[in-house]
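Engineer: Below is structure_6.cif; it holds mmCIF, C-alpha atoms.
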data_structure
loop_
_atom_site.label_atom_id
_atom_site.label_comp_id
_atom_site.auth_asym_id
_atom_site.auth_seq_id
_atom_site.Cartn_x
_atom_site.Cartn_y
_atom_site.Cartn_z
CA MET A 664 0.00 0.00 0.00
CA VAL A 665 1.29 3.49 -0.78
CA GLY A 666 2.68 5.23 2.29
CA THR A 667 3.62 2.04 4.21
CA GLU A 668 6.77 1.16 2.31
CA PRO A 669 10.07 2.76 3.46
CA THR A 670 11.23 5.90 1.67
CA PHE A 671 14.86 6.71 1.10
CA SER A 672 16.93 9.26 -0.64
CA ALA A 673 18.74 7.98 -3.66
CA SER A 674 22.04 7.59 -1.83
CA GLU A 675 20.33 6.07 1.20
CA PHE A 676 18.64 3.57 -1.07
CA VAL A 677 21.92 2.60 -2.64
CA VAL A 678 23.40 1.91 0.80
CA VAL A 679 20.39 -0.07 2.03
CA PHE A 680 20.17 -1.98 -1.22
CA ASN A 681 23.87 -2.95 -1.12
CA GLN A 682 23.64 -3.96 2.55
CA SER A 683 20.65 -6.16 1.80
CA LEU A 684 22.37 -7.67 -1.19
CA GLU A 685 25.51 -8.34 0.81
CA MET A 686 23.47 -10.17 3.43
CA LEU A 687 21.56 -12.28 0.93
CA TYR A 688 24.05 -12.76 -1.88
CA PRO A 689 27.55 -11.62 -0.90
CA SER A 690 28.85 -13.54 -3.88
CA VAL A 691 27.09 -15.07 -6.87
CA GLY A 692 27.97 -17.12 -9.88
CA ILE A 693 26.23 -16.26 -13.13
CA THR A 694 26.38 -18.16 -16.41
CA GLY A 695 25.62 -16.61 -19.75
CA GLU A 696 26.86 -15.64 -23.16
CA LEU A 697 29.53 -12.98 -23.23
CA ALA A 698 28.57 -9.76 -24.94
CA ASN A 699 29.95 -6.23 -25.27
CA PHE A 700 33.33 -7.29 -23.94
CA ARG A 701 35.79 -4.42 -23.74
CA VAL A 702 38.96 -3.49 -21.90
CA SER A 703 39.58 0.13 -20.96
CA LYS A 704 43.01 1.65 -20.39
CA ASN A 705 44.49 -1.82 -20.28
CA ARG A 706 43.09 -2.16 -16.79
CA TRP A 707 39.30 -2.15 -16.54
CA VAL A 708 37.10 -4.86 -17.96
CA TYR A 709 33.43 -4.42 -18.83
CA PHE A 710 31.04 -6.93 -20.32
CA ASP A 711 27.55 -8.35 -20.17
CA LEU A 712 26.42 -11.92 -19.68
CA LYS A 713 23.13 -12.59 -21.34
CA ASP A 714 20.67 -15.32 -22.02
CA GLU A 715 17.47 -15.36 -24.06
CA ILE A 716 15.67 -13.03 -21.67
CA ALA A 717 18.05 -10.99 -19.54
CA SER A 718 21.46 -9.33 -19.52
CA VAL A 719 23.68 -8.61 -16.49
CA LYS A 720 26.53 -6.15 -16.44
CA PHE A 721 29.94 -7.02 -15.09
CA PHE A 722 32.90 -4.89 -14.13
CA GLY A 723 36.39 -5.79 -12.98
CA THR A 724 40.12 -5.65 -13.65
CA VAL A 725 42.17 -7.43 -16.27
CA TYR A 726 43.80 -9.52 -13.50
CA ALA A 727 40.59 -11.52 -13.25
CA LEU A 728 40.72 -12.55 -16.91
CA PRO A 729 41.63 -16.21 -17.49
CA GLY A 730 42.85 -15.31 -20.97
CA PRO A 731 41.63 -13.47 -24.04
CA LEU A 732 37.87 -13.44 -24.40
CA GLU A 733 35.52 -12.60 -27.21
CA ASP A 734 31.82 -12.14 -27.52
CA GLY A 735 29.89 -15.32 -27.92
CA LEU A 736 31.76 -17.40 -25.36
CA THR A 737 29.72 -18.99 -22.59
CA LEU A 738 31.17 -18.01 -19.25
CA GLU A 739 30.58 -18.62 -15.59
CA VAL A 740 31.49 -15.51 -13.67
CA HIS A 741 31.70 -15.28 -9.90
CA GLY A 742 31.49 -11.89 -8.27
CA ARG A 743 29.77 -9.50 -5.88
CA PRO A 744 26.61 -7.76 -7.01
CA ARG A 745 26.66 -4.05 -6.32
CA LEU A 746 24.56 -0.99 -7.07
CA HIS A 747 26.91 1.85 -7.89
CA PRO A 748 25.66 5.30 -6.93
CA GLN A 749 26.40 6.70 -10.41
CA PHE A 750 26.92 3.80 -12.74
CA GLY A 751 24.07 1.58 -11.73
CA PHE A 752 23.95 -2.14 -11.07
CA SER A 753 26.81 -4.48 -11.97
CA VAL A 754 28.57 -7.53 -10.64
CA GLN A 755 32.17 -6.95 -9.55
CA ILE A 756 34.20 -9.75 -11.02
CA ASP A 757 36.11 -12.18 -8.79
CA SER A 758 36.71 -15.00 -11.27
CA ILE A 759 35.83 -15.96 -14.79
CA GLN A 760 35.89 -19.33 -16.47
CA ALA A 761 34.63 -20.60 -19.77
CA VAL A 762 31.96 -23.27 -19.57
CA GLY A 763 30.73 -25.77 -22.10
CA GLU A 764 33.04 -27.67 -24.45
CA GLY A 765 32.74 -25.19 -27.26
CA SER A 766 33.47 -22.08 -25.22
CA ILE A 767 36.23 -23.70 -23.30
CA LYS A 768 37.93 -24.80 -26.49
CA LYS A 769 37.44 -21.45 -28.12
CA ALA A 770 38.84 -19.59 -25.12
CA GLN A 771 41.76 -21.97 -25.03
CA ASP A 772 42.42 -21.44 -28.74
CA LEU A 773 42.37 -17.66 -28.29
CA LEU A 774 44.84 -17.88 -25.44
CA ALA A 775 47.01 -20.39 -27.26
CA ARG A 776 47.31 -18.09 -30.28
CA LYS A 777 48.23 -15.17 -28.10
CA LEU A 778 50.86 -17.06 -26.11
CA GLN A 779 52.23 -18.80 -29.19
CA THR A 780 52.88 -15.40 -30.72
CA GLU A 781 54.77 -14.40 -27.60
CA GLY A 782 56.93 -17.51 -27.92
CA LEU A 783 55.92 -19.19 -24.69
CA PHE A 784 55.61 -22.58 -26.41
CA ASP A 785 58.85 -22.27 -28.36
CA PRO A 786 60.78 -25.58 -28.26
CA ALA A 787 64.02 -23.57 -27.90
CA ARG A 788 62.86 -22.52 -24.41
CA LYS A 789 62.59 -26.08 -23.15
CA ARG A 790 65.16 -27.05 -20.54
CA SER A 791 66.19 -30.57 -19.70
CA LEU A 792 65.14 -31.94 -16.35
CA PRO A 793 67.64 -33.33 -13.83
CA TYR A 794 67.69 -37.11 -14.18
CA PRO A 795 67.03 -38.17 -11.56
CA PRO A 796 66.21 -35.18 -9.38
CA THR A 797 66.97 -35.21 -5.66
CA THR A 798 64.01 -33.04 -4.67
CA ILE A 799 60.65 -32.54 -6.36
CA GLY A 800 58.17 -29.71 -5.83
CA LEU A 801 54.79 -31.34 -6.45
CA VAL A 802 51.72 -29.22 -7.21
CA THR A 803 48.53 -31.22 -6.99
CA SER A 804 45.62 -32.09 -4.76
CA GLY A 805 46.83 -33.89 -1.66
CA GLN A 806 43.75 -36.13 -1.66
CA SER A 807 43.83 -37.14 -5.30
CA ALA A 808 44.45 -40.52 -6.86
CA ALA A 809 47.03 -38.79 -9.07
CA ILE A 810 49.40 -38.15 -6.17
CA ALA A 811 49.06 -41.71 -4.92
CA ASP A 812 49.88 -43.10 -8.37
CA PHE A 813 52.78 -40.69 -8.75
CA ARG A 814 54.39 -41.51 -5.39
CA LYS A 815 53.90 -45.25 -5.90
CA ILE A 816 55.71 -45.26 -9.23
CA ILE A 817 58.53 -43.03 -7.99
CA ASP A 818 59.13 -45.33 -5.01
CA ALA A 819 58.93 -48.48 -7.12
CA ARG A 820 61.31 -47.25 -9.80
CA TRP A 821 63.92 -45.36 -7.87
CA GLY A 822 63.26 -45.17 -4.17
CA LYS A 823 62.52 -42.45 -1.71
CA LEU A 824 62.94 -38.96 -3.12
CA ARG A 825 62.30 -35.80 -1.18
CA ILE A 826 58.91 -34.55 -2.39
CA GLN A 827 57.65 -31.16 -1.24
CA LEU A 828 53.88 -31.04 -1.73
CA ALA A 829 51.91 -27.87 -2.50
CA ASP A 830 48.35 -29.01 -1.86
CA VAL A 831 46.09 -27.04 -4.21
CA GLN A 832 42.67 -27.21 -5.71
CA VAL A 833 42.97 -28.59 -9.18
CA GLN A 834 39.55 -27.48 -10.42
CA GLY A 835 37.07 -24.77 -9.62
CA VAL A 836 37.27 -21.01 -9.38
CA ASP A 837 40.13 -20.93 -6.89
CA ALA A 838 42.32 -23.48 -8.64
CA SER A 839 44.14 -21.11 -10.98
CA ALA A 840 45.22 -18.70 -8.22
CA GLN A 841 46.34 -21.53 -5.93
CA ILE A 842 48.39 -23.20 -8.67
CA VAL A 843 50.07 -19.91 -9.50
CA GLN A 844 50.82 -19.31 -5.83
CA ALA A 845 52.31 -22.79 -5.48
CA ILE A 846 54.62 -22.33 -8.46
CA THR A 847 55.66 -18.89 -7.26
CA GLY A 848 56.21 -20.23 -3.76
CA PHE A 849 58.56 -22.98 -4.92
CA ASN A 850 60.53 -20.45 -6.98
CA GLN A 851 60.94 -18.13 -4.02
CA THR A 852 61.75 -20.66 -1.31
CA ALA A 853 65.22 -20.67 0.28
CA GLU A 854 65.85 -24.28 -0.82
CA PRO A 855 63.98 -24.68 -4.07
CA PRO A 856 63.31 -28.14 -5.48
CA GLU A 857 65.21 -29.24 -8.57
CA VAL A 858 62.02 -29.68 -10.60
CA ILE A 859 58.37 -28.61 -10.23
CA VAL A 860 55.86 -31.29 -11.18
CA ILE A 861 52.23 -30.32 -11.74
CA ILE A 862 49.84 -33.22 -12.04
CA ARG A 863 46.13 -33.81 -12.20
CA GLY A 864 44.11 -36.86 -13.14
CA GLY A 865 41.47 -37.08 -15.86
CA GLY A 866 38.33 -34.95 -16.00
CA SER A 867 36.07 -32.89 -18.24
CA SER A 868 37.21 -29.81 -20.10
CA GLU A 869 35.77 -27.69 -17.33
CA ASP A 870 37.53 -29.72 -14.66
CA LEU A 871 40.88 -29.23 -16.39
CA GLY A 872 40.23 -25.58 -17.30
CA ALA A 873 42.49 -24.06 -14.64
CA PHE A 874 45.57 -25.47 -16.41
CA SER A 875 44.76 -23.49 -19.53
CA THR A 876 44.28 -20.11 -17.88
CA GLU A 877 46.70 -17.34 -18.67
CA PRO A 878 48.03 -16.84 -15.12
CA VAL A 879 48.86 -20.55 -14.72
CA VAL A 880 50.46 -20.84 -18.15
CA ARG A 881 52.57 -17.74 -17.55
CA ALA A 882 53.62 -19.02 -14.13
CA VAL A 883 54.77 -22.32 -15.67
CA ALA A 884 56.60 -20.55 -18.50
CA GLY A 885 58.22 -18.07 -16.14
CA SER A 886 59.36 -20.60 -13.55
CA ARG A 887 63.12 -20.52 -12.96
CA ILE A 888 62.85 -24.11 -11.81
CA PRO A 889 62.30 -26.58 -14.68
CA THR A 890 58.74 -27.83 -14.92
CA LEU A 891 57.03 -31.09 -15.82
CA VAL A 892 53.27 -30.95 -16.31
CA ALA A 893 50.90 -33.90 -16.68
CA ILE A 894 47.21 -33.09 -16.84
CA GLY A 895 44.42 -35.52 -17.50
CA HIS A 896 44.78 -38.33 -19.95
CA GLU A 897 46.84 -38.79 -23.09
CA VAL A 898 44.35 -36.96 -25.31
CA ASP A 899 44.12 -33.93 -23.04
CA VAL A 900 46.69 -31.25 -23.75
CA SER A 901 46.46 -28.20 -21.53
CA LEU A 902 48.28 -24.98 -22.34
CA ALA A 903 50.34 -25.37 -19.18
CA GLU A 904 51.76 -28.57 -20.66
CA LEU A 905 52.73 -26.73 -23.84
CA ALA A 906 54.52 -24.07 -21.79
CA ALA A 907 56.29 -26.58 -19.54
CA ASP A 908 59.83 -27.81 -20.11
CA GLN A 909 58.45 -31.30 -20.44
CA ARG A 910 54.99 -32.76 -20.79
CA ALA A 911 53.81 -36.16 -19.63
CA SER A 912 50.63 -37.82 -20.78
CA THR A 913 49.51 -38.83 -17.29
CA PRO A 914 50.72 -38.46 -13.69
CA SER A 915 52.07 -42.04 -13.87
CA ASN A 916 53.94 -41.19 -17.05
CA ALA A 917 55.34 -38.13 -15.27
CA ALA A 918 56.86 -40.37 -12.61
CA GLU A 919 58.33 -42.63 -15.30
CA LEU A 920 59.91 -39.69 -17.10
CA LEU A 921 61.35 -38.19 -13.92
CA VAL A 922 63.34 -41.14 -12.59
CA PRO A 923 65.03 -44.16 -14.16
CA ASP A 924 64.10 -47.72 -13.30
CA ARG A 925 66.69 -48.83 -10.77
CA ILE A 926 66.56 -52.51 -11.73
CA HIS A 927 66.96 -51.68 -15.39
CA GLU A 928 69.91 -49.39 -14.60
CA GLN A 929 71.56 -52.09 -12.49
CA GLN A 930 71.20 -54.55 -15.35
CA PHE A 931 72.69 -52.01 -17.74
CA VAL A 932 75.67 -51.41 -15.45
CA ALA A 933 76.24 -55.17 -15.06
CA ALA A 934 76.10 -55.66 -18.83
CA ALA A 935 78.45 -52.71 -19.38
CA SER A 936 80.84 -54.15 -16.80
CA SER A 937 80.90 -57.52 -18.59
CA GLN A 938 81.36 -55.82 -21.93
CA LEU A 939 84.24 -53.77 -20.53
CA TYR A 940 85.95 -56.88 -19.20
CA ARG A 941 85.52 -58.71 -22.51
CA GLN A 942 87.03 -55.76 -24.36
CA LEU A 943 89.97 -55.75 -21.97
CA ILE A 944 90.61 -59.43 -22.58
CA ALA A 945 90.26 -58.93 -26.35
CA VAL A 946 92.89 -56.18 -26.31
CA HIS A 947 95.18 -58.37 -24.22
CA THR A 948 94.75 -61.34 -26.57
CA ARG A 949 95.48 -59.11 -29.57
CA SER A 950 98.67 -57.91 -27.85
CA VAL A 951 99.78 -61.50 -27.15
CA ASP A 952 99.16 -62.48 -30.79
CA GLU A 953 100.97 -59.38 -31.98
CA LEU A 954 104.00 -60.24 -29.82
CA ALA A 955 104.11 -63.76 -31.30
CA GLN A 956 104.23 -62.17 -34.76
CA TYR A 957 107.01 -59.85 -33.64
CA LYS A 958 109.07 -62.86 -32.43
CA LYS A 959 108.71 -64.58 -35.81
CA GLU A 960 109.65 -61.42 -37.59
CA LEU A 961 112.75 -60.98 -35.44
CA HIS A 962 113.87 -64.52 -36.25
CA ARG A 963 113.18 -64.07 -39.94
CA SER A 964 115.06 -60.77 -40.06
CA VAL A 965 118.21 -62.12 -38.45
CA GLU A 966 118.05 -65.29 -40.56
CA THR A 967 117.89 -63.14 -43.66
CA VAL A 968 121.00 -61.28 -42.56
CA LEU A 969 122.79 -64.57 -41.84
CA ASP A 970 121.73 -66.05 -45.17
CA ASP A 971 122.98 -62.95 -46.95
CA ALA A 972 126.29 -63.16 -45.10
CA LYS A 973 126.66 -66.86 -45.99
CA ARG A 974 125.90 -66.20 -49.63
CA TYR A 975 128.46 -63.43 -49.67
CA ALA A 976 131.09 -65.69 -48.18
CA VAL A 977 130.36 -68.45 -50.68
CA ASN A 978 130.42 -66.04 -53.62
CA SER A 979 133.60 -64.40 -52.40
CA LYS A 980 135.29 -67.78 -52.03
CA GLU A 981 134.41 -68.73 -55.59
CA LEU A 982 135.52 -65.34 -56.87
CA LEU A 983 138.85 -65.68 -55.08
CA ARG A 984 139.25 -69.11 -56.48
CA LEU A 985 138.63 -67.81 -59.96
CA LEU A 986 140.95 -64.88 -59.47
CA ASP A 987 143.84 -67.02 -58.06
CA PRO A 988 146.78 -66.26 -60.36
CA LYS A 989 148.14 -69.81 -59.84
CA ALA A 990 144.98 -71.40 -61.19
CA PRO A 991 146.10 -71.35 -64.88
CA LEU A 992 149.40 -73.02 -63.90
CA LYS A 993 147.43 -76.11 -62.88
CA ARG A 994 145.92 -76.22 -66.32
CA GLY A 995 149.41 -76.41 -67.89
CA TYR A 996 150.11 -72.76 -68.39
CA ALA A 997 153.42 -71.21 -67.29
CA LEU A 998 154.40 -67.81 -66.07
CA VAL A 999 157.48 -66.28 -67.66
CA GLU A 1000 159.41 -63.68 -65.71
CA THR A 1001 162.65 -61.73 -66.08
CA PRO A 1002 165.33 -62.47 -63.53
CA GLU A 1003 164.11 -59.28 -61.82
CA GLY A 1004 160.70 -60.82 -61.37
CA LYS A 1005 158.88 -58.87 -64.06
CA LEU A 1006 156.14 -60.91 -65.69
CA LEU A 1007 156.42 -61.19 -69.46
CA ARG A 1008 153.34 -60.99 -71.62
CA SER A 1009 155.03 -60.30 -75.01
CA VAL A 1010 158.13 -61.26 -77.03
CA ALA A 1011 158.68 -57.58 -77.80
CA GLY A 1012 161.94 -56.37 -76.33
CA LEU A 1013 163.44 -59.80 -75.88
CA THR A 1014 166.76 -60.77 -77.41
CA LYS A 1015 168.66 -64.00 -77.89
CA ASN A 1016 170.65 -65.28 -74.92
CA MET A 1017 168.51 -63.34 -72.47
CA GLU A 1018 167.90 -65.19 -69.17
CA LEU A 1019 164.37 -66.00 -68.12
CA SER A 1020 162.53 -67.75 -65.25
CA ILE A 1021 159.71 -70.10 -66.19
CA ARG A 1022 157.28 -70.78 -63.33
CA LEU A 1023 155.35 -73.99 -63.54
CA THR A 1024 152.80 -75.30 -61.03
CA ASP A 1025 155.41 -77.16 -58.99
CA GLY A 1026 158.64 -75.26 -59.60
CA ILE A 1027 160.75 -72.75 -61.58
CA ILE A 1028 162.99 -73.32 -64.62
CA ASP A 1029 165.91 -70.95 -65.20
CA ALA A 1030 166.24 -70.70 -69.02
CA GLU A 1031 168.11 -68.81 -71.78
CA ILE A 1032 166.46 -67.60 -75.03
CA GLN A 1033 167.74 -69.53 -78.02
CA LYS A 1034 165.34 -68.28 -80.69
CA ILE A 1035 162.31 -65.92 -80.90
CA ARG A 1036 159.33 -66.59 -83.21
CA VAL A 1037 156.74 -63.85 -83.60
CA GLU A 1038 153.12 -64.91 -84.16
CA LYS A 1039 150.77 -62.40 -85.74
CA MET J 384 118.65 -50.88 -17.49
CA SER J 385 117.83 -51.27 -13.80
CA LYS J 386 114.76 -53.17 -12.65
CA SER J 387 113.04 -50.01 -11.47
CA GLN J 388 113.67 -48.38 -14.82
CA GLN J 389 112.31 -51.47 -16.56
CA ASN J 390 109.13 -51.27 -14.50
CA GLN J 391 108.63 -47.69 -15.60
CA GLU J 392 108.82 -48.54 -19.29
CA SER J 393 105.34 -48.54 -20.72
CA TYR J 394 104.05 -51.16 -23.11
CA GLN J 395 104.15 -48.54 -25.86
CA ASP J 396 107.81 -47.77 -25.10
CA LEU J 397 108.77 -51.45 -25.32
CA LYS J 398 106.89 -51.89 -28.58
CA ALA J 399 108.55 -48.81 -30.04
CA SER J 400 111.92 -50.21 -29.00
CA LEU J 401 111.18 -53.54 -30.75
CA ASP J 402 109.99 -51.72 -33.88
CA GLU J 403 113.28 -49.84 -34.00
CA VAL J 404 115.31 -53.07 -33.71
CA LEU J 405 113.34 -54.66 -36.53
CA ASN J 406 113.68 -51.62 -38.77
CA LYS J 407 117.45 -51.60 -38.31
CA LEU J 408 117.69 -55.36 -38.80
CA GLN J 409 115.78 -55.11 -42.07
CA ALA J 410 117.98 -52.34 -43.49
CA ASP J 411 119.88 -53.20 -46.68
CA ASP J 412 123.40 -52.62 -45.40
CA VAL J 413 123.26 -54.11 -41.92
CA ASP J 414 126.53 -55.44 -40.68
CA LEU J 415 126.54 -59.04 -39.38
CA ASP J 416 127.96 -58.16 -35.96
CA VAL J 417 125.47 -55.35 -35.62
CA ALA J 418 122.69 -57.72 -36.73
CA LEU J 419 123.57 -60.23 -34.04
CA LYS J 420 123.61 -57.51 -31.38
CA LEU J 421 120.25 -56.22 -32.60
CA TYR J 422 118.85 -59.72 -32.43
CA GLU J 423 119.93 -60.08 -28.80
CA GLN J 424 118.43 -56.69 -28.01
CA GLY J 425 115.17 -57.70 -29.71
CA GLN J 426 114.99 -60.90 -27.69
CA GLU J 427 115.45 -58.97 -24.44
CA THR J 428 112.67 -56.58 -25.37
CA ILE J 429 110.38 -59.47 -26.25
CA LYS J 430 111.01 -61.03 -22.84
CA LYS J 431 110.03 -57.74 -21.19
CA LEU J 432 106.85 -57.56 -23.27
CA GLU J 433 105.96 -61.13 -22.34
CA THR J 434 106.45 -60.34 -18.66
CA TYR J 435 104.34 -57.21 -19.01
CA LEU J 436 101.48 -59.11 -20.66
CA ALA J 437 101.62 -61.85 -18.04
CA LYS J 438 101.35 -59.25 -15.25
CA THR J 439 98.39 -57.48 -16.88
CA ALA J 440 96.59 -60.79 -17.37
CA HIS J 441 96.93 -61.33 -13.62
CA THR J 442 95.65 -57.80 -12.91
CA PHE J 443 92.62 -58.29 -15.16
CA GLU J 444 91.43 -61.09 -12.93
CA LYS J 445 90.45 -58.40 -10.41
CA PHE J 446 88.14 -56.79 -12.97
CA LYS J 447 86.35 -59.97 -13.88
CA PRO J 448 82.61 -59.35 -13.28
CA HIS J 449 81.02 -61.44 -10.60
CA PRO J 450 78.11 -63.58 -11.80
#
Would you mind writing the structure in this file as structure tokens?
Structural biologist:
Amino acid sequence: MVGTEPTFSASEFVVVFNQSLEMLYPSVGITGELANFRVSKNRWVYFDLKDEIASVKFFGTVYALPGPLEDGLTLEVHGRPRLHPQFGFSVQIDSIQAVGEGSIKKAQDLLARKLQTEGLFDPARKRSLPYPPTTIGLVTSGQSAAIADFRKIIDARWGKLRIQLADVQVQGVDASAQIVQAITGFNQTAEPPEVIVIIRGGGSSEDLGAFSTEPVVRAVAGSRIPTLVAIGHEVDVSLAELAADQRASTPSNAAELLVPDRIHEQQFVAAASSQLYRQLIAVHTRSVDELAQYKKELHRSVETVLDDAKRYAVNSKELLRLLDPKAPLKRGYALVETPEGKLLRSVAGLTKNMELSIRLTDGIIDAEIQKIRVEK
Amino acid sequence: MSKSQQNQESYQDLKASLDEVLNKLQADDVDLDVALKLYEQGQETIKKLETYLAKTAHTFEKFKPHP
């Protein structure tokens, strides 16, 4: 009835209205299609969420954005409804996430294109992980099956490693901020782990959405500590995985990539040890065979020298025999000399009655020339 | 060469020594007396190499992998 309802001034009404709203709905979540999205001065965000009948205005800062947005996406926005004294009713944004497969994928694609252009997924940025690490900074839900699987495989393959756990929500509106805080925390700690591992088991696109928000992806890309990210199943690829130094298909796969299999390594070392020993023996055997060859060669070389020396002696003996001036005497030849011992080879210069010595094989005849006959 | 000096000779040194003896022995104009001396020298070096190999074979036993 007119006259019974309370009457306020405009400003009083705004105060009362906001107080009432704060009591009833301090925070709400609203789902709708994004419209009239705009960013002002690189700081303020304005948009509407609409459905077939109504449209609600939203206002906030760019820090609440999960990534690039465009009109048409279906979003779930959490915030505080307020009536502004001058600008009217709007919801002050606390968090935004895409909902529905199509919107989630589209939002992810928009963000991926943006970050790809910035080079966050560049393979050249990837660092190798320590293998194995001595300490791991694990970002996941402390109550999840993923952490149990991860720890079990680490222990089975390699043994107890020091794992520092940052227990975070891995889905929902608060997940993104908690994951970012965990990564930042590990990077700032006095004794940082050697690798940060972010894992989460399988789920829907909405469940895994936090790992494709811009703040989380930038935190992974900007981590000074190398990162390994494994989200969902093999077919799920979050943007955080693309930005990480290494991606694993599942949390179990992450554990397998992080540490070697101790039994396999022991077998490898044993095989290498045997191989090394066999090589050593092979080298030794080759040396022994080589030495046997050397011995033969030494014998052959000195035998060659001896054979050459023998042949020389035999040849020299024969040559001497042939060159013996007394050899012709045995064949019936004689040497004719003057009494002075000069050997005569010609009748030239000889005269009758000259004295000569004729040497035969067994003696010397002293003779006198009776007659000289010249033969032409 | 003294025993301690002999121990210090590496396998490579002994092999190089033997190679030198063989090269000289196989030269065209090698004198017989020189050849006989070289032969004795070669035999000594071979004995050293054999001793060396026998010692290393003994050492290798330590490296044999255990089953």
Engineer: Using all atoms listed in the file, which of A:Thr803, A:Leu969, A:Glu854, A:Gly1012 sits nearest chain J?
Structural biologist: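 Of A:Thr803, A:Leu969, A:Glu854, A:Gly1012, the one nearest chain J, counting all atoms listed in the file, is A:Leu969.
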Engineer: Just so the selection is clear, what residues does the PyMOL selection byres ((chain J) within 9 of (chain A)) cover here, as an mmCIF file with C-alpha atoms, keeping the file's coordinate frame?
Structural biologist:
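Result file is selection-v5.cif:
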data_model
loop_
_atom_site.group_PDB
_atom_site.id
_atom_site.type_symbol
_atom_site.label_atom_id
_atom_site.label_comp_id
_atom_site.auth_asym_id
_atom_site.auth_seq_id
_atom_site.Cartn_x
_atom_site.Cartn_y
_atom_site.Cartn_z
ATOM 1 C CA LYS J 398 106.890 -51.890 -28.580
ATOM 2 C CA LEU J 401 111.180 -53.540 -30.750
ATOM 3 C CA ASP J 402 109.990 -51.720 -33.880
ATOM 4 C CA VAL J 404 115.310 -53.070 -33.710
ATOM 5 C CA LEU J 405 113.340 -54.660 -36.530
ATOM 6 C CA LEU J 408 117.690 -55.360 -38.800
ATOM 7 C CA GLN J 409 115.780 -55.110 -42.070
ATOM 8 C CA VAL J 413 123.260 -54.110 -41.920
ATOM 9 C CA ASP J 414 126.530 -55.440 -40.680
ATOM 10 C CA LEU J 415 126.540 -59.040 -39.380
ATOM 11 C CA ALA J 418 122.690 -57.720 -36.730
ATOM 12 C CA LEU J 419 123.570 -60.230 -34.040
ATOM 13 C CA LEU J 421 120.250 -56.220 -32.600
ATOM 14 C CA TYR J 422 118.850 -59.720 -32.430
ATOM 15 C CA GLY J 425 115.170 -57.700 -29.710
ATOM 16 C CA GLN J 426 114.990 -60.900 -27.690
ATOM 17 C CA ILE J 429 110.380 -59.470 -26.250
ATOM 18 C CA LEU J 432 106.850 -57.560 -23.270
ATOM 19 C CA GLU J 433 105.960 -61.130 -22.340
ATOM 20 C CA LEU J 436 101.480 -59.110 -20.660
ATOM 21 C CA THR J 439 98.390 -57.480 -16.880
ATOM 22 C CA ALA J 440 96.590 -60.790 -17.370
ATOM 23 C CA PHE J 443 92.620 -58.290 -15.160
ATOM 24 C CA PHE J 446 88.140 -56.790 -12.970
ATOM 25 C CA LYS J 447 86.350 -59.970 -13.880
ATOM 26 C CA PRO J 448 82.610 -59.350 -13.280
ATOM 27 C CA HIS J 449 81.020 -61.440 -10.600
#
Engineer: Go through A:Val725, A:Val719, A:Ala787, A:Leu778 one by one, measure the shortest atom-to-atom distance of each to Val754 of chain A using all atoms listed in the file, and give the residue with the smallest value.
Structural biologist: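 Among the listed residues, the smallest separation from Val754 of chain A belongs to A:Val719.
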Engineer: Determine the nearest neighbour of Gln395 of chain J from the options J:Lys420, J:Lys431, J:Lys438, J:Lys445, counting all atoms listed in the file.
Structural biologist: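 Among the listed residues, the smallest separation from Gln395 of chain J belongs to J:Lys431.
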Engineer: For the atom pair atom CA of Gly1026 of chain A and atom CA of Pro988 of chain A, what is the interatomic distance in Å to one decimal place?
Structural biologist: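 About the pair atom CA of Gly1026 of chain A and atom CA of Pro988 of chain A: they are 14.9 Å apart.
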Engineer: Where does the PyMOL selection byres ((chain A and resi 859) around 7) land in this file, that is, which residues does it pick, as an NGL selection string?
Structural biologist: :A and (799-801 or 856 or 858 or 860-861 or 888-891)
Engineer: Counting all atoms listed in the file, note down every residue that has an atom within 10 Å of the point (30.5, -18.9, -18.5) (file coordinates), as a VMD selection string.
Structural biologist: chain A and resid 692 to 697 712 736 to 741 759 to 763 766 to 767
Engineer: Would you mind exporting C-alpha atoms of the selected residues as a short mmCIF file (atom, residue, chain, number, x, y, z; two decimals), in the frame of the given file?
Structural biologist:
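Output file part-v3.cif is given in full below:
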data_model
loop_
_atom_site.label_atom_id
_atom_site.label_comp_id
_atom_site.auth_asym_id
_atom_site.auth_seq_id
_atom_site.Cartn_x
_atom_site.Cartn_y
_atom_site.Cartn_z
CA GLY A 692 27.97 -17.12 -9.88
CA ILE A 693 26.23 -16.26 -13.13
CA THR A 694 26.38 -18.16 -16.41
CA GLY A 695 25.62 -16.61 -19.75
CA GLU A 696 26.86 -15.64 -23.16
CA LEU A 697 29.53 -12.98 -23.23
CA LEU A 712 26.42 -11.92 -19.68
CA LEU A 736 31.76 -17.40 -25.36
CA THR A 737 29.72 -18.99 -22.59
CA LEU A 738 31.17 -18.01 -19.25
CA GLU A 739 30.58 -18.62 -15.59
CA VAL A 740 31.49 -15.51 -13.67
CA HIS A 741 31.70 -15.28 -9.90
CA ILE A 759 35.83 -15.96 -14.79
CA GLN A 760 35.89 -19.33 -16.47
CA ALA A 761 34.63 -20.60 -19.77
CA VAL A 762 31.96 -23.27 -19.57
CA GLY A 763 30.73 -25.77 -22.10
CA SER A 766 33.47 -22.08 -25.22
CA ILE A 767 36.23 -23.70 -23.30
#
Engineer: In Å to one decimal, how far is atom CA of Lys993 of chain A from atom CA of Arg1008 of chain A?
Structural biologist: 18.4 Å
Engineer: May I ask which of the residues J:Thr428, J:Glu423, J:Asp412, J:Thr434 is the closest one to Ala399 of chain J, counting only C-alpha atoms?
Structural biologist: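 Closest residue, counting only C-alpha atoms: J:Thr428.
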